[in-house]
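Written below as structure tokens is the structure these notes are about.
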Amino acid sequence: MIKITILGFAGRMGQAIAREVGDHPGCKLVGGVILQGTDAPRPDGVFVTSKTDEAIAIADVVIDFTLAKAVPGNAQLAAKHNKAYVCGVTGLGANALDAIKQAAEKIPVVQASNTSMSLAVMKQLTTLAAKLLAGLDYDIAIYDEHHRLKQDAPSGTAKTLGEAVARGNSGKKAPSYASIRAGAIVGEHEVAFVGQGEIIRLRHSVTDRRIFARGAVEAALWLHGKPAGLYGMDDVMGMGKN
């Protein structure tokens, strides 16, 4: 039974992941980290605390859905305790990404701006389309839509799709980005390849936040026991790097 600690336990994603862990026969929730003074559920047998160091120490795998500014410290603590680390935090800056890379030299790490398993397929399709159309006169646009409280724009997922485009066309034509922040939209992403008189649209729609939680748990189960290194959802899905 794989023991899991959730960082950002009190948040929407933290609670969704907790439910997924509770429903999965292959893992057990042992720890949840919250901000000091935060009100959060305290399930029996789960160490809910503001002391990140102690909660990480009792886990096999740590799942992080906190904030970008917390990631460097969280990654360092996971490496300190030799725990596998899944980071689903978006909007990461250079400092956080460097900390993740350093941690991955010591422990296995999955870093993904979007833990949807089907989004990994969308990336593959985007790279393929960009490759096949690279020699033709197509403009590329990436649209991302999220709820009104999401702060980063373009989203981490939109940027990841942009990287998929660049892998396909070797950076010959960069995409433009358009972001919408409105209502309670969970997540909508589209890559449009626009030619003279025709358009190819690749679209990924999320209607239930639970799919991110499910993907994060699958990533944690896959990551347990892996050698140190930096992995993505492509690896979790067994597709390798596109």
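Each chain in the structure tokens gets a letter, A, B, ..., in the order shown, and its residues are numbered from 1; ligands are numbered from 1 in order too.
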Might you pull out every residue within 9 Å of segment 149-162 of chain A, with only C-alpha atoms counted and same-chain residues fewer than 6 positions away left off, and present them as a ChimeraX atom specification?
/A:89-92,112-114,119,122-123,126-127,142-143,174-184,189-191
Same residues, N, CA and C atoms, saved as a PDB file, in the first residue's frame:
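Written output follows (part-v7.pdb):
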```pdb
ATOM      1  N   VAL A  89       1.393  21.953  -9.698  1.00  0.00           N
ATOM      2  CA  VAL A  89       1.216  23.399  -9.546  1.00  0.00           C
ATOM      3  C   VAL A  89       1.479  24.083 -10.888  1.00  0.00           C
ATOM      4  N   THR A  90       0.664  25.076 -11.220  1.00  0.00           N
ATOM      5  CA  THR A  90       0.838  25.805 -12.479  1.00  0.00           C
ATOM      6  C   THR A  90       1.482  27.165 -12.224  1.00  0.00           C
ATOM      7  N   GLY A  91       1.870  27.823 -13.313  1.00  0.00           N
ATOM      8  CA  GLY A  91       2.450  29.157 -13.215  1.00  0.00           C
ATOM      9  C   GLY A  91       3.828  29.179 -12.594  1.00  0.00           C
ATOM     10  N   LEU A  92       4.598  28.112 -12.790  1.00  0.00           N
ATOM     11  CA  LEU A  92       5.919  28.025 -12.168  1.00  0.00           C
ATOM     12  C   LEU A  92       6.921  28.939 -12.868  1.00  0.00           C
ATOM     13  N   ALA A 112       3.881  18.352 -13.983  1.00  0.00           N
ATOM     14  CA  ALA A 112       2.905  18.512 -15.061  1.00  0.00           C
ATOM     15  C   ALA A 112       2.018  19.709 -14.767  1.00  0.00           C
ATOM     16  N   SER A 113       1.876  20.592 -15.746  1.00  0.00           N
ATOM     17  CA  SER A 113       0.970  21.728 -15.577  1.00  0.00           C
ATOM     18  C   SER A 113      -0.486  21.289 -15.655  1.00  0.00           C
ATOM     19  N   ASN A 114      -0.711  20.085 -16.154  1.00  0.00           N
ATOM     20  CA  ASN A 114      -2.064  19.531 -16.274  1.00  0.00           C
ATOM     21  C   ASN A 114      -1.953  18.018 -16.110  1.00  0.00           C
ATOM     22  N   LEU A 119      -4.957  14.833 -21.784  1.00  0.00           N
ATOM     23  CA  LEU A 119      -4.214  15.991 -22.260  1.00  0.00           C
ATOM     24  C   LEU A 119      -2.860  15.563 -22.805  1.00  0.00           C
ATOM     25  N   MET A 122      -3.505  14.821 -26.258  1.00  0.00           N
ATOM     26  CA  MET A 122      -3.666  16.082 -26.990  1.00  0.00           C
ATOM     27  C   MET A 122      -2.309  16.665 -27.375  1.00  0.00           C
ATOM     28  N   LYS A 123      -1.347  16.579 -26.488  1.00  0.00           N
ATOM     29  CA  LYS A 123      -0.002  17.072 -26.790  1.00  0.00           C
ATOM     30  C   LYS A 123       0.614  16.304 -27.952  1.00  0.00           C
ATOM     31  N   THR A 126      -0.994  17.438 -31.127  1.00  0.00           N
ATOM     32  CA  THR A 126      -0.550  18.788 -31.465  1.00  0.00           C
ATOM     33  C   THR A 126       0.824  18.765 -32.113  1.00  0.00           C
ATOM     34  N   THR A 127       1.733  17.987 -31.547  1.00  0.00           N
ATOM     35  CA  THR A 127       3.079  17.875 -32.120  1.00  0.00           C
ATOM     36  C   THR A 127       3.027  17.273 -33.514  1.00  0.00           C
ATOM     37  N   ILE A 142      -3.480  29.288 -29.913  1.00  0.00           N
ATOM     38  CA  ILE A 142      -3.820  28.472 -28.748  1.00  0.00           C
ATOM     39  C   ILE A 142      -4.747  29.284 -27.845  1.00  0.00           C
ATOM     40  N   TYR A 143      -5.911  28.698 -27.556  1.00  0.00           N
ATOM     41  CA  TYR A 143      -6.904  29.343 -26.705  1.00  0.00           C
ATOM     42  C   TYR A 143      -6.984  28.587 -25.382  1.00  0.00           C
ATOM     43  N   ALA A 174       5.856  30.313 -34.154  1.00  0.00           N
ATOM     44  CA  ALA A 174       5.349  30.301 -32.778  1.00  0.00           C
ATOM     45  C   ALA A 174       3.843  30.557 -32.778  1.00  0.00           C
ATOM     46  N   PRO A 175       3.133  29.951 -31.846  1.00  0.00           N
ATOM     47  CA  PRO A 175       1.687  30.199 -31.774  1.00  0.00           C
ATOM     48  C   PRO A 175       1.377  31.515 -31.082  1.00  0.00           C
ATOM     49  N   SER A 176       0.213  32.057 -31.372  1.00  0.00           N
ATOM     50  CA  SER A 176      -0.324  33.160 -30.582  1.00  0.00           C
ATOM     51  C   SER A 176      -1.222  32.577 -29.502  1.00  0.00           C
ATOM     52  N   TYR A 177      -1.474  33.353 -28.435  1.00  0.00           N
ATOM     53  CA  TYR A 177      -2.257  32.867 -27.302  1.00  0.00           C
ATOM     54  C   TYR A 177      -3.431  33.812 -27.025  1.00  0.00           C
ATOM     55  N   ALA A 178      -4.551  33.238 -26.633  1.00  0.00           N
ATOM     56  CA  ALA A 178      -5.702  34.015 -26.186  1.00  0.00           C
ATOM     57  C   ALA A 178      -6.284  33.338 -24.957  1.00  0.00           C
ATOM     58  N   SER A 179      -6.499  34.105 -23.892  1.00  0.00           N
ATOM     59  CA  SER A 179      -6.972  33.541 -22.625  1.00  0.00           C
ATOM     60  C   SER A 179      -8.280  34.195 -22.198  1.00  0.00           C
ATOM     61  N   ILE A 180      -9.180  33.371 -21.687  1.00  0.00           N
ATOM     62  CA  ILE A 180     -10.450  33.840 -21.130  1.00  0.00           C
ATOM     63  C   ILE A 180     -10.537  33.363 -19.691  1.00  0.00           C
ATOM     64  N   ARG A 181     -10.897  34.272 -18.788  1.00  0.00           N
ATOM     65  CA  ARG A 181     -11.096  33.931 -17.381  1.00  0.00           C
ATOM     66  C   ARG A 181     -12.511  34.354 -17.008  1.00  0.00           C
ATOM     67  N   ALA A 182     -13.399  33.380 -16.847  1.00  0.00           N
ATOM     68  CA  ALA A 182     -14.807  33.719 -16.634  1.00  0.00           C
ATOM     69  C   ALA A 182     -15.533  32.615 -15.877  1.00  0.00           C
ATOM     70  N   GLY A 183     -16.452  33.013 -15.018  1.00  0.00           N
ATOM     71  CA  GLY A 183     -17.351  32.085 -14.341  1.00  0.00           C
ATOM     72  C   GLY A 183     -16.637  30.948 -13.659  1.00  0.00           C
ATOM     73  N   ALA A 184     -17.160  29.739 -13.865  1.00  0.00           N
ATOM     74  CA  ALA A 184     -16.634  28.541 -13.198  1.00  0.00           C
ATOM     75  C   ALA A 184     -16.066  27.540 -14.200  1.00  0.00           C
ATOM     76  N   HIS A 189      -9.132  23.985 -23.651  1.00  0.00           N
ATOM     77  CA  HIS A 189      -7.935  24.341 -24.427  1.00  0.00           C
ATOM     78  C   HIS A 189      -8.109  23.920 -25.878  1.00  0.00           C
ATOM     79  N   GLU A 190      -7.696  24.787 -26.767  1.00  0.00           N
ATOM     80  CA  GLU A 190      -7.802  24.495 -28.192  1.00  0.00           C
ATOM     81  C   GLU A 190      -6.541  24.963 -28.919  1.00  0.00           C
ATOM     82  N   VAL A 191      -6.064  24.133 -29.836  1.00  0.00           N
ATOM     83  CA  VAL A 191      -4.989  24.522 -30.735  1.00  0.00           C
ATOM     84  C   VAL A 191      -5.577  24.557 -32.133  1.00  0.00           C
TER      85      VAL A 191
END
```
Write down as a VMD selection string the residues belonging to segment 47-213 of chain A that are assigned strand (DSSP E) by DSSP computed on the backbone.
chain A and resid 47 to 49 61 to 64 84 to 87 108 to 111 139 to 146 176 to 181 187 to 194 199 to 206
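Proximity of A:Leu29, A:Val48, A:Leu202, A:Ala55 to Ile140 of chain A, computed with only C-alpha atoms, is greatest for A:Leu202.
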For Leu221 of chain A, please output as a PyMOL selection string all residues within 9 Å (counting only C-alpha atoms; exclusion window: fewer than 3 positions along the same chain).
chain A and resi 2+26-27+61+216-218+224-225
Residue with smallest distance to Ser116 of chain A - pool A:Phe193, A:Phe47, A:Tyr85, A:Phe212, counting only C-alpha atoms:
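Among the listed residues, A:Phe212 lies closest to Ser116 of chain A.
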